[in-house]
Amino acid sequence: MATGVQREVTPKAVSVRGLTRRFDDRAVIEDLDLDIEPGQFVALLGASGCGKSTLLRILADLDRDVSGEVTVPRKRAVGFQAPRLMPWKKVWRNVVLGLPGKPNRERAVAALTEVGLVHRVDVWPKVLSGGEAQRAALARALVREPDLLLLDEPFSALDALTRITARGLVDEVWQRHGCAVLLVTHDVEEALALADRVLVMQDGKIGYDAPVDLDRPRDVTDPEFQRLRAELLARLGVH
Amino acid sequence: MTTTPERARVQPPPSAVDTVTLTSETARKGDRLPRWVLKTISPIVLIALWQLLSSVGVLEDDTLASPWTVVQTAAGMWADGSLQSAVITSVIRVLAGLGVGLVAAVVLATLAGLFRRGEDIIDAPMQMLRTVPVIGLIPLLIIWFGINEEPKIILVGLAVTFPLYMNLYGGIRNVDASLIEAARTLGLGWFGQVRHVILPSAMPQFLIGLRYALGTAWLALVFGETINATSGIGYEMNKAREFFATDIIVVCLALYAILGLVADMIVRGLERGLLSWRPAFSGK
């Protein structure tokens with residue numbers, strides 16, 4: 001790769017030191033430190049415009065206009081809020097797009113099977129429903145066997161029922177693949193349902209960092225879940 | 001709406017709701033006829049009207065030959081071979097001009113679209129030249145290239161370059177930035193992004209340009225062939241003018257129309273093949 005992204009083997013999946021990102025003169029991220037352990041599922045919460053998506057874009061190497069030190073795995077994958085499939089490529093070709101070598105249909109089919117989309121291998125993306133398109137995007141991320149999966153509000157455009165299914169699917173594939181995940185979300189319950197650790201971003205830094213020591217599958221009615229939820233909402237300024 | 005000051009609930013009379021009954025759209029009356037029948041009815045009526053006006057003497061042959069005379073003339077021109085040779089000459093000119101213009105437009109638009117420096121160097125002069133009416137260049141083209149094939153081919157080439165350039169350049173510049181970003185996260189390099197994202201995304205706009213370019217190609221050819229030619233459809237038409245042979249003129253116009261239609265069909269076929277990923281609105 002190039003400047004800013006270091007090539008070294010570290011025990012961390014993500015290591016960020018003194019990261020600052022300015023837009024004009026306003027620092028959206030200022031002197032931020034963050035470590036993510038391999039295989040850890042981290043949810044990043046924060047009010048709109050607090051810089052959480054900016055942080056994700058930096059970790060995805062979509063933004064190099066930064067100062068500080070950022071170390072991320074070479075094998076990364078990103079899931080965006082919109083599926084961002086290429087409409088002119090059949091679903092399976094979208095899944096393996098960018099992989100080295102000739103498009104490998106079998107690999108695509110395997111990944112699509114994993115997300116329950118094996119019946120949609122040969123259709124155009126425009127034909128897919130919102131939930132199906134987001135699952136295809138997840139298959140496209142997983143086929144890269146990432147060490148770090150970056151998810152930028154991947155469920156927020158889905159309807160409530162589809163969201164529950166998609167959330168369950170992410171949980172399932174994460175447990176199977178064991179990659180580190182950084183999930184950017186607005187949804188406190190979603191964070192608590194999925195993550196090992198929740199972060200809240202405030203004033204350009206990680207303002208709150210707490211483990212979620214709840215048994216999986218998580219139970220919304222668990223008093224500890226309720227307590228964490230109330231605490232996070234308070235942190236986010238909702239009372 | 002009626003609301004009483006006491007906010008008492010007013011019971012509407014049973015017939016107060018204005019309702020409509022929704023019936024199936026496929027059961028519309030006109031759809032009993034197949035669409036191709038509907039599409040052919042109006043041209044047939046127009047031709048029949050034209051024949052009628054000629055037969056009763058309202059339209060004289062010197063003004064406009066009747067459809068039947070035109071058909072006979074076409075058959076005669078086919079029999080003596082002048083029709084085929086005129087068509088072949090004209091088609092070759094259009095294809096050659098289209099080839100020249102296509103190469104020029106694709107090279108220029110790709111450079112201007114993909115590179116900022118290319119845009120600075122290429123786009124401004126293209127936008128300026130675009131406003132020059134191509135037909136107005138004929139005198140210069142004759143001075144530069146004489147009256148052989150070159151000025152005609154170059155005229156067609158110039159006429160197609162601009163619509164192709166504008167549309168391809170616009171298509172490249174309109175690519176969805178979020179897809180480029182997605183492609184970057186998938187590990188696609190610059191060439192991969194161009195091949196898998198930018199060019200496919202510009203394709204619909206490019207094909208619109210191609211359709212438009214074919215239209216202007218025939219237009220340019222008509223001018224090129226009526227002003228300085230010794231063969232081709234336009235030449236036949238010009239020659240016929242001297243003898244008031246309106247039948248030959250109509251045959252030539254019909255040939256231009258048919259060739260234009262065929263060209264349009266080819267591009268539509270290309271669109272169906274290349275843009276099958278795009279579900280299109282096909283009208284009510």
# chains A, B, ... in the order shown; residues from 1 in each chain; ligands from 1
>>> interface_residues(of="chain B", to="chain A", cutoff="8 Å", atoms="only C-alpha atoms", output="list in words")
Ser178, Leu179, Glu181, Ala182, Ala183, Arg184, Thr185, Leu186, Gly187, Leu188, Gly192, Val197, Pro200, Ser201, Leu275, Trp277, Arg278 and Pro279 of chain B
>>> write_last_selection(atoms="all heavy atoms", output="tab-separated table (two decimals), in the first residue's frame")
chain	number	residue	atom	x	y	z
B	178	SER	N	-20.26	7.05	-5.26
B	178	SER	CA	-20.32	6.03	-4.22
B	178	SER	C	-19.94	4.65	-4.77
B	178	SER	O	-19.42	3.81	-4.05
B	178	SER	CB	-21.72	5.99	-3.60
B	178	SER	OG	-22.63	5.35	-4.45
B	179	LEU	N	-20.19	4.44	-6.07
B	179	LEU	CA	-19.79	3.15	-6.66
B	179	LEU	C	-18.28	3.09	-6.83
B	179	LEU	O	-17.66	2.04	-6.67
B	179	LEU	CB	-20.48	2.94	-8.01
B	179	LEU	CG	-21.99	2.69	-7.95
B	179	LEU	CD1	-22.54	2.40	-9.34
B	179	LEU	CD2	-22.32	1.53	-7.02
B	181	GLU	N	-16.19	4.54	-4.89
B	181	GLU	CA	-15.69	4.29	-3.55
B	181	GLU	C	-15.81	2.81	-3.21
B	181	GLU	O	-14.86	2.21	-2.68
B	181	GLU	CB	-16.53	5.10	-2.57
B	181	GLU	CG	-15.73	5.92	-1.62
B	181	GLU	CD	-16.63	6.75	-0.75
B	181	GLU	OE1	-17.51	6.21	-0.06
B	181	GLU	OE2	-16.45	7.96	-0.79
B	182	ALA	N	-16.96	2.24	-3.53
B	182	ALA	CA	-17.15	0.81	-3.27
B	182	ALA	C	-16.10	0.01	-4.02
B	182	ALA	O	-15.50	-0.92	-3.47
B	182	ALA	CB	-18.56	0.39	-3.68
B	183	ALA	N	-15.84	0.38	-5.26
B	183	ALA	CA	-14.85	-0.35	-6.06
B	183	ALA	C	-13.47	-0.26	-5.41
B	183	ALA	O	-12.71	-1.23	-5.42
B	183	ALA	CB	-14.81	0.22	-7.48
B	184	ARG	N	-13.16	0.92	-4.85
B	184	ARG	CA	-11.86	1.05	-4.18
B	184	ARG	C	-11.77	0.12	-2.99
B	184	ARG	O	-10.74	-0.53	-2.78
B	184	ARG	CB	-11.66	2.50	-3.73
B	184	ARG	CG	-11.21	3.40	-4.85
B	184	ARG	CD	-11.18	4.85	-4.42
B	184	ARG	NE	-10.26	5.08	-3.30
B	184	ARG	CZ	-10.25	6.21	-2.59
B	184	ARG	NH1	-11.09	7.18	-2.88
B	184	ARG	NH2	-9.40	6.36	-1.61
B	185	THR	N	-12.85	0.02	-2.20
B	185	THR	CA	-12.79	-0.88	-1.05
B	185	THR	C	-12.73	-2.34	-1.48
B	185	THR	O	-12.33	-3.19	-0.70
B	185	THR	CB	-14.00	-0.70	-0.12
B	185	THR	OG1	-15.17	-1.15	-0.79
B	185	THR	CG2	-14.18	0.74	0.31
B	186	LEU	N	-13.13	-2.63	-2.71
B	186	LEU	CA	-13.04	-4.00	-3.20
B	186	LEU	C	-11.65	-4.29	-3.76
B	186	LEU	O	-11.41	-5.39	-4.27
B	186	LEU	CB	-14.08	-4.25	-4.30
B	186	LEU	CG	-15.54	-4.12	-3.85
B	186	LEU	CD1	-16.48	-4.31	-5.03
B	186	LEU	CD2	-15.85	-5.14	-2.77
B	187	GLY	N	-10.78	-3.31	-3.73
B	187	GLY	CA	-9.42	-3.55	-4.17
B	187	GLY	C	-9.21	-3.32	-5.66
B	187	GLY	O	-8.18	-3.73	-6.20
B	188	LEU	N	-10.17	-2.69	-6.33
B	188	LEU	CA	-9.98	-2.41	-7.76
B	188	LEU	C	-9.05	-1.21	-7.92
B	188	LEU	O	-9.26	-0.17	-7.31
B	188	LEU	CB	-11.31	-2.11	-8.43
B	188	LEU	CG	-12.23	-3.28	-8.71
B	188	LEU	CD1	-13.53	-2.78	-9.31
B	188	LEU	CD2	-11.59	-4.28	-9.65
B	192	GLY	N	-9.11	-1.11	-13.17
B	192	GLY	CA	-10.29	-1.88	-12.79
B	192	GLY	C	-11.50	-0.99	-12.60
B	192	GLY	O	-12.61	-1.33	-13.01
B	197	VAL	N	-16.45	0.02	-13.57
B	197	VAL	CA	-17.40	1.01	-13.03
B	197	VAL	C	-17.65	2.16	-14.00
B	197	VAL	O	-18.78	2.40	-14.40
B	197	VAL	CB	-16.90	1.57	-11.68
B	197	VAL	CG1	-17.97	2.46	-11.06
B	197	VAL	CG2	-16.52	0.46	-10.72
B	200	PRO	N	-18.89	1.09	-17.92
B	200	PRO	CA	-20.27	0.56	-17.95
B	200	PRO	C	-21.29	1.61	-17.52
B	200	PRO	O	-22.39	1.66	-18.05
B	200	PRO	CB	-20.25	-0.60	-16.95
B	200	PRO	CG	-18.84	-0.92	-16.71
B	200	PRO	CD	-18.01	0.28	-17.04
B	201	SER	N	-20.90	2.46	-16.58
B	201	SER	CA	-21.84	3.46	-16.11
B	201	SER	C	-22.10	4.53	-17.18
B	201	SER	O	-23.17	5.12	-17.23
B	201	SER	CB	-21.30	4.05	-14.81
B	201	SER	OG	-21.52	5.41	-14.74
B	275	LEU	N	-27.59	-3.00	-22.26
B	275	LEU	CA	-28.23	-2.37	-21.10
B	275	LEU	C	-29.33	-3.26	-20.51
B	275	LEU	O	-30.28	-2.76	-19.92
B	275	LEU	CB	-28.83	-1.01	-21.48
B	275	LEU	CG	-27.90	-0.01	-22.15
B	275	LEU	CD1	-28.63	1.29	-22.40
B	275	LEU	CD2	-26.67	0.23	-21.30
B	277	TRP	N	-29.32	-4.83	-18.03
B	277	TRP	CA	-29.36	-4.72	-16.57
B	277	TRP	C	-30.31	-3.64	-16.10
B	277	TRP	O	-30.62	-3.53	-14.93
B	277	TRP	CB	-27.97	-4.44	-16.01
B	277	TRP	CG	-27.26	-3.29	-16.66
B	277	TRP	CD1	-26.44	-3.36	-17.75
B	277	TRP	CD2	-27.29	-1.92	-16.27
B	277	TRP	NE1	-25.97	-2.11	-18.06
B	277	TRP	CE2	-26.46	-1.21	-17.16
B	277	TRP	CE3	-27.92	-1.22	-15.23
B	277	TRP	CZ2	-26.26	0.16	-17.06
B	277	TRP	CZ3	-27.73	0.14	-15.13
B	277	TRP	CH2	-26.90	0.82	-16.05
B	278	ARG	N	-30.75	-2.80	-17.04
B	278	ARG	CA	-31.51	-1.63	-16.65
B	278	ARG	C	-32.97	-1.82	-16.95
B	278	ARG	O	-33.39	-1.77	-18.09
B	278	ARG	CB	-31.00	-0.44	-17.45
B	278	ARG	CG	-31.04	0.85	-16.70
B	278	ARG	CD	-30.32	1.92	-17.44
B	278	ARG	NE	-30.78	2.06	-18.81
B	278	ARG	CZ	-30.74	3.19	-19.49
B	278	ARG	NH1	-30.25	4.25	-18.93
B	278	ARG	NH2	-31.14	3.26	-20.73
B	279	PRO	N	-33.81	-2.03	-15.93
B	279	PRO	CA	-35.23	-2.18	-16.22
B	279	PRO	C	-35.78	-0.83	-16.67
B	279	PRO	O	-35.69	0.15	-15.95
B	279	PRO	CB	-35.83	-2.61	-14.88
B	279	PRO	CG	-34.85	-2.20	-13.85
B	279	PRO	CD	-33.51	-2.04	-14.50
>>> select_by_dssp(residues="region 144-232 of chain B", states="alpha helix (DSSP H)", output="MDAnalysis selection string")
chainID B and resid 144:145 149:173 177:185 190:193 199:227
>>> residues_around(residues="Gly97 (chain B)", least_positions_apart="3", cutoff="10 Å", atoms="only C-alpha atoms", output="list of chain:residue names")
B:Val91, B:Ile92, B:Arg93, B:Val94, B:Val100, B:Gly101, B:Leu102, B:Glu150, B:Pro151, B:Lys152, B:Ile153, B:Ile154, B:Leu155, B:Val156, B:Gly157, B:Leu158, B:Ala159, B:Val160, B:Thr161, B:Ala217, B:Ala220, B:Leu221
>>> residues_around(residues="Ile248 (chain B)", least_positions_apart="3", cutoff="8 Å", atoms="only C-alpha atoms", output="list of chain:residue names")
B:Val70, B:Thr73, B:Ala74, B:Glu236, B:Met237, B:Ala240, B:Ala245, B:Val251, B:Cys252
>>> residues_around(residues="Leu55 (chain A)", least_positions_apart="5", cutoff="12 Å", atoms="only C-alpha atoms", output="PyMOL selection string")
chain A and resi 14+16+19-22+28-34+44-46+49-50+60-66+70+150-152+182-184+201+204-206
>>> write_last_selection(atoms="N, CA and C atoms", output="JSON list (two decimals), in the first residue's frame")
[["chain", "number", "residue", "atom", "x", "y", "z"],
["A", 14, "VAL", "N", -6.87, -3.37, 14.81],
["A", 14, "VAL", "CA", -6.84, -1.96, 14.48],
["A", 14, "VAL", "C", -6.05, -1.24, 15.56],
["A", 16, "VAL", "N", -4.93, 2.76, 16.32],
["A", 16, "VAL", "CA", -4.98, 4.17, 15.90],
["A", 16, "VAL", "C", -4.35, 5.01, 17.01],
["A", 19, "LEU", "N", -4.95, 10.25, 15.98],
["A", 19, "LEU", "CA", -5.57, 10.53, 14.67],
["A", 19, "LEU", "C", -6.33, 11.86, 14.69],
["A", 20, "THR", "N", -6.06, 12.68, 13.72],
["A", 20, "THR", "CA", -6.79, 13.94, 13.57],
["A", 20, "THR", "C", -7.24, 14.09, 12.12],
["A", 21, "ARG", "N", -8.49, 14.48, 11.95],
["A", 21, "ARG", "CA", -9.01, 14.75, 10.62],
["A", 21, "ARG", "C", -9.73, 16.09, 10.66],
["A", 22, "ARG", "N", -9.29, 17.01, 9.81],
["A", 22, "ARG", "CA", -9.92, 18.33, 9.77],
["A", 22, "ARG", "C", -10.67, 18.50, 8.46],
["A", 28, "VAL", "N", -12.94, 17.21, 13.00],
["A", 28, "VAL", "CA", -14.03, 16.26, 13.26],
["A", 28, "VAL", "C", -13.51, 15.13, 14.15],
["A", 29, "ILE", "N", -12.26, 14.76, 13.88],
["A", 29, "ILE", "CA", -11.60, 13.78, 14.74],
["A", 29, "ILE", "C", -10.35, 14.45, 15.26],
["A", 30, "GLU", "N", -10.14, 14.40, 16.58],
["A", 30, "GLU", "CA", -8.98, 15.10, 17.12],
["A", 30, "GLU", "C", -8.25, 14.22, 18.12],
["A", 31, "ASP", "N", -7.02, 13.87, 17.78],
["A", 31, "ASP", "CA", -6.14, 13.13, 18.67],
["A", 31, "ASP", "C", -6.82, 11.87, 19.21],
["A", 32, "LEU", "N", -7.35, 11.08, 18.32],
["A", 32, "LEU", "CA", -8.12, 9.91, 18.73],
["A", 32, "LEU", "C", -7.22, 8.68, 18.80],
["A", 33, "ASP", "N", -7.40, 7.91, 19.87],
["A", 33, "ASP", "CA", -6.70, 6.63, 20.02],
["A", 33, "ASP", "C", -7.73, 5.51, 20.03],
["A", 34, "LEU", "N", -7.38, 4.40, 19.41],
["A", 34, "LEU", "CA", -8.32, 3.27, 19.40],
["A", 34, "LEU", "C", -7.57, 1.98, 19.09],
["A", 44, "LEU", "N", -19.79, 1.26, 17.27],
["A", 44, "LEU", "CA", -19.42, 2.66, 17.46],
["A", 44, "LEU", "C", -20.67, 3.51, 17.35],
["A", 45, "LEU", "N", -21.02, 4.14, 18.46],
["A", 45, "LEU", "CA", -22.22, 4.98, 18.50],
["A", 45, "LEU", "C", -21.82, 6.44, 18.55],
["A", 46, "GLY", "N", -22.78, 7.28, 18.28],
["A", 46, "GLY", "CA", -22.50, 8.71, 18.38],
["A", 46, "GLY", "C", -23.60, 9.49, 17.70],
["A", 49, "GLY", "N", -23.13, 13.39, 12.79],
["A", 49, "GLY", "CA", -22.09, 14.37, 12.52],
["A", 49, "GLY", "C", -20.96, 14.36, 13.54],
["A", 50, "CYS", "N", -20.89, 13.34, 14.39],
["A", 50, "CYS", "CA", -19.85, 13.32, 15.41],
["A", 50, "CYS", "C", -18.55, 12.79, 14.84],
["A", 60, "ALA", "N", -11.16, 2.41, 6.38],
["A", 60, "ALA", "CA", -11.38, 1.72, 5.11],
["A", 60, "ALA", "C", -10.42, 2.21, 4.03],
["A", 61, "ASP", "N", -9.55, 3.13, 4.39],
["A", 61, "ASP", "CA", -8.60, 3.70, 3.44],
["A", 61, "ASP", "C", -9.29, 4.47, 2.31],
["A", 62, "LEU", "N", -10.42, 5.10, 2.65],
["A", 62, "LEU", "CA", -11.10, 5.95, 1.68],
["A", 62, "LEU", "C", -10.75, 7.41, 1.92],
["A", 63, "ASP", "N", -10.01, 7.67, 2.97],
["A", 63, "ASP", "CA", -9.68, 9.05, 3.33],
["A", 63, "ASP", "C", -8.26, 9.06, 3.90],
["A", 64, "ARG", "N", -7.34, 9.67, 3.15],
["A", 64, "ARG", "CA", -5.95, 9.68, 3.61],
["A", 64, "ARG", "C", -5.53, 11.07, 4.06],
["A", 65, "ASP", "N", -6.50, 11.98, 4.12],
["A", 65, "ASP", "CA", -6.19, 13.36, 4.43],
["A", 65, "ASP", "C", -6.12, 13.55, 5.94],
["A", 66, "VAL", "N", -5.27, 12.78, 6.60],
["A", 66, "VAL", "CA", -5.28, 12.72, 8.06],
["A", 66, "VAL", "C", -3.87, 12.87, 8.61],
["A", 70, "VAL", "N", -2.23, 5.15, 11.76],
["A", 70, "VAL", "CA", -3.36, 4.22, 11.61],
["A", 70, "VAL", "C", -2.82, 2.89, 11.10],
["A", 150, "LEU", "N", -15.78, -3.59, 8.19],
["A", 150, "LEU", "CA", -16.27, -2.27, 8.57],
["A", 150, "LEU", "C", -17.69, -2.12, 8.07],
["A", 151, "LEU", "N", -18.62, -1.87, 8.98],
["A", 151, "LEU", "CA", -20.02, -1.76, 8.59],
["A", 151, "LEU", "C", -20.55, -0.38, 8.96],
["A", 152, "ASP", "N", -20.97, 0.38, 7.95],
["A", 152, "ASP", "CA", -21.44, 1.74, 8.16],
["A", 152, "ASP", "C", -22.96, 1.78, 8.09],
["A", 182, "LEU", "N", -16.14, -3.56, 13.01],
["A", 182, "LEU", "CA", -16.49, -2.25, 13.55],
["A", 182, "LEU", "C", -17.81, -1.84, 12.92],
["A", 183, "LEU", "N", -18.83, -1.78, 13.77],
["A", 183, "LEU", "CA", -20.17, -1.46, 13.28],
["A", 183, "LEU", "C", -20.53, -0.04, 13.72],
["A", 184, "VAL", "N", -20.70, 0.83, 12.74],
["A", 184, "VAL", "CA", -21.16, 2.19, 13.04],
["A", 184, "VAL", "C", -22.68, 2.18, 13.01],
["A", 201, "MET", "N", -18.63, 8.06, 20.43],
["A", 201, "MET", "CA", -17.72, 9.09, 19.98],
["A", 201, "MET", "C", -18.24, 10.46, 20.40],
["A", 204, "GLY", "N", -14.81, 14.39, 18.84],
["A", 204, "GLY", "CA", -13.68, 13.93, 18.04],
["A", 204, "GLY", "C", -12.84, 12.86, 18.69],
["A", 205, "LYS", "N", -13.30, 12.32, 19.82],
["A", 205, "LYS", "CA", -12.55, 11.25, 20.50],
["A", 205, "LYS", "C", -13.51, 10.13, 20.87],
["A", 206, "ILE", "N", -12.92, 9.03, 21.35],
["A", 206, "ILE", "CA", -13.75, 7.98, 21.92],
["A", 206, "ILE", "C", -14.07, 8.42, 23.35]]
>>> atom_distance(atom1="CA of Asn228 (chain B)", atom2="CA of Ile147 (chain B)")
6.1 Å
>>> closest_residue(among="A:Glu132, A:Glu153, A:Glu145, A:Glu106", to="Ser53 (chain A)", atoms="only C-alpha atoms")
A:Glu153
>>> closest_residue(among="B:His196, B:Gly170, B:Phe115, B:Trp218", to="Arg93 (chain A)", atoms="only C-alpha atoms")
B:His196
>>> decode(residues="region 103-134 of chain A", atoms="N, CA and C atoms", output="mmCIF file, in the first residue's frame")
data_model
loop_
_atom_site.group_PDB
_atom_site.id
_atom_site.type_symbol
_atom_site.label_atom_id
_atom_site.label_comp_id
_atom_site.auth_asym_id
_atom_site.auth_seq_id
_atom_site.Cartn_x
_atom_site.Cartn_y
_atom_site.Cartn_z
ATOM 1 N N PRO A 103 -13.077 -14.165 -12.655
ATOM 2 C CA PRO A 103 -14.230 -14.254 -11.758
ATOM 3 C C PRO A 103 -14.565 -15.720 -11.462
ATOM 4 N N ASN A 104 -14.563 -16.051 -10.187
ATOM 5 C CA ASN A 104 -14.776 -17.432 -9.786
ATOM 6 C C ASN A 104 -16.205 -17.612 -9.306
ATOM 7 N N ARG A 105 -16.998 -18.216 -10.160
ATOM 8 C CA ARG A 105 -18.414 -18.349 -9.868
ATOM 9 C C ARG A 105 -18.674 -19.214 -8.641
ATOM 10 N N GLU A 106 -17.885 -20.273 -8.492
ATOM 11 C CA GLU A 106 -18.124 -21.167 -7.355
ATOM 12 C C GLU A 106 -17.929 -20.455 -6.018
ATOM 13 N N ARG A 107 -16.913 -19.606 -5.987
ATOM 14 C CA ARG A 107 -16.679 -18.850 -4.760
ATOM 15 C C ARG A 107 -17.841 -17.920 -4.471
ATOM 16 N N ALA A 108 -18.351 -17.306 -5.552
ATOM 17 C CA ALA A 108 -19.488 -16.398 -5.378
ATOM 18 C C ALA A 108 -20.702 -17.160 -4.876
ATOM 19 N N VAL A 109 -20.935 -18.329 -5.464
ATOM 20 C CA VAL A 109 -22.105 -19.115 -5.073
ATOM 21 C C VAL A 109 -21.980 -19.524 -3.611
ATOM 22 N N ALA A 110 -20.765 -19.911 -3.195
ATOM 23 C CA ALA A 110 -20.561 -20.307 -1.797
ATOM 24 C C ALA A 110 -20.889 -19.143 -0.867
ATOM 25 N N ALA A 111 -20.412 -17.947 -1.215
ATOM 26 C CA ALA A 111 -20.655 -16.785 -0.350
ATOM 27 C C ALA A 111 -22.141 -16.427 -0.337
ATOM 28 N N LEU A 112 -22.774 -16.536 -1.507
ATOM 29 C CA LEU A 112 -24.200 -16.202 -1.575
ATOM 30 C C LEU A 112 -25.034 -17.237 -0.824
ATOM 31 N N THR A 113 -24.581 -18.488 -0.828
ATOM 32 C CA THR A 113 -25.278 -19.514 -0.062
ATOM 33 C C THR A 113 -25.232 -19.172 1.427
ATOM 34 N N GLU A 114 -24.068 -18.700 1.840
ATOM 35 C CA GLU A 114 -23.898 -18.390 3.254
ATOM 36 C C GLU A 114 -24.876 -17.311 3.722
ATOM 37 N N VAL A 115 -25.200 -16.358 2.851
ATOM 38 C CA VAL A 115 -26.142 -15.307 3.256
ATOM 39 C C VAL A 115 -27.567 -15.616 2.790
ATOM 40 N N GLY A 116 -27.789 -16.858 2.338
ATOM 41 C CA GLY A 116 -29.146 -17.279 1.974
ATOM 42 C C GLY A 116 -29.655 -16.664 0.691
ATOM 43 N N LEU A 117 -28.751 -16.448 -0.265
ATOM 44 C CA LEU A 117 -29.147 -15.769 -1.488
ATOM 45 C C LEU A 117 -28.783 -16.608 -2.718
ATOM 46 N N VAL A 118 -28.727 -17.911 -2.515
ATOM 47 C CA VAL A 118 -28.233 -18.772 -3.596
ATOM 48 C C VAL A 118 -29.195 -18.788 -4.793
ATOM 49 N N HIS A 119 -30.463 -18.450 -4.544
ATOM 50 C CA HIS A 119 -31.437 -18.426 -5.641
ATOM 51 C C HIS A 119 -31.328 -17.145 -6.458
ATOM 52 N N ARG A 120 -30.462 -16.211 -6.048
ATOM 53 C CA ARG A 120 -30.350 -14.925 -6.737
ATOM 54 C C ARG A 120 -29.003 -14.750 -7.436
ATOM 55 N N VAL A 121 -28.287 -15.845 -7.630
ATOM 56 C CA VAL A 121 -26.930 -15.782 -8.190
ATOM 57 C C VAL A 121 -26.895 -15.058 -9.530
ATOM 58 N N ASP A 122 -27.881 -15.345 -10.394
ATOM 59 C CA ASP A 122 -27.810 -14.891 -11.785
ATOM 60 C C ASP A 122 -28.744 -13.746 -12.122
ATOM 61 N N VAL A 123 -29.196 -12.996 -11.124
ATOM 62 C CA VAL A 123 -30.095 -11.891 -11.462
ATOM 63 C C VAL A 123 -29.325 -10.572 -11.439
ATOM 64 N N TRP A 124 -29.952 -9.547 -12.023
ATOM 65 C CA TRP A 124 -29.378 -8.205 -11.963
ATOM 66 C C TRP A 124 -29.674 -7.591 -10.600
ATOM 67 N N PRO A 125 -28.757 -6.799 -10.064
ATOM 68 C CA PRO A 125 -28.981 -6.208 -8.736
ATOM 69 C C PRO A 125 -30.263 -5.401 -8.630
ATOM 70 N N LYS A 126 -30.701 -4.786 -9.722
ATOM 71 C CA LYS A 126 -31.918 -3.953 -9.661
ATOM 72 C C LYS A 126 -33.148 -4.779 -9.291
ATOM 73 N N VAL A 127 -33.063 -6.086 -9.519
ATOM 74 C CA VAL A 127 -34.210 -6.947 -9.252
ATOM 75 C C VAL A 127 -34.327 -7.270 -7.761
ATOM 76 N N LEU A 128 -33.223 -7.122 -7.032
ATOM 77 C CA LEU A 128 -33.215 -7.533 -5.627
ATOM 78 C C LEU A 128 -34.025 -6.569 -4.768
ATOM 79 N N SER A 129 -34.602 -7.110 -3.691
ATOM 80 C CA SER A 129 -35.228 -6.241 -2.697
ATOM 81 C C SER A 129 -34.126 -5.600 -1.858
ATOM 82 N N GLY A 130 -34.487 -4.618 -1.053
ATOM 83 C CA GLY A 130 -33.492 -3.920 -0.239
ATOM 84 C C GLY A 130 -32.699 -4.866 0.654
ATOM 85 N N GLY A 131 -33.410 -5.774 1.293
ATOM 86 C CA GLY A 131 -32.741 -6.718 2.189
ATOM 87 C C GLY A 131 -31.838 -7.671 1.428
ATOM 88 N N GLU A 132 -32.313 -8.130 0.270
ATOM 89 C CA GLU A 132 -31.503 -9.045 -0.547
ATOM 90 C C GLU A 132 -30.230 -8.365 -1.043
ATOM 91 N N ALA A 133 -30.383 -7.102 -1.466
ATOM 92 C CA ALA A 133 -29.213 -6.370 -1.965
ATOM 93 C C ALA A 133 -28.188 -6.207 -0.851
ATOM 94 N N GLN A 134 -28.668 -5.940 0.355
ATOM 95 C CA GLN A 134 -27.741 -5.757 1.480
ATOM 96 C C GLN A 134 -27.072 -7.091 1.822
#
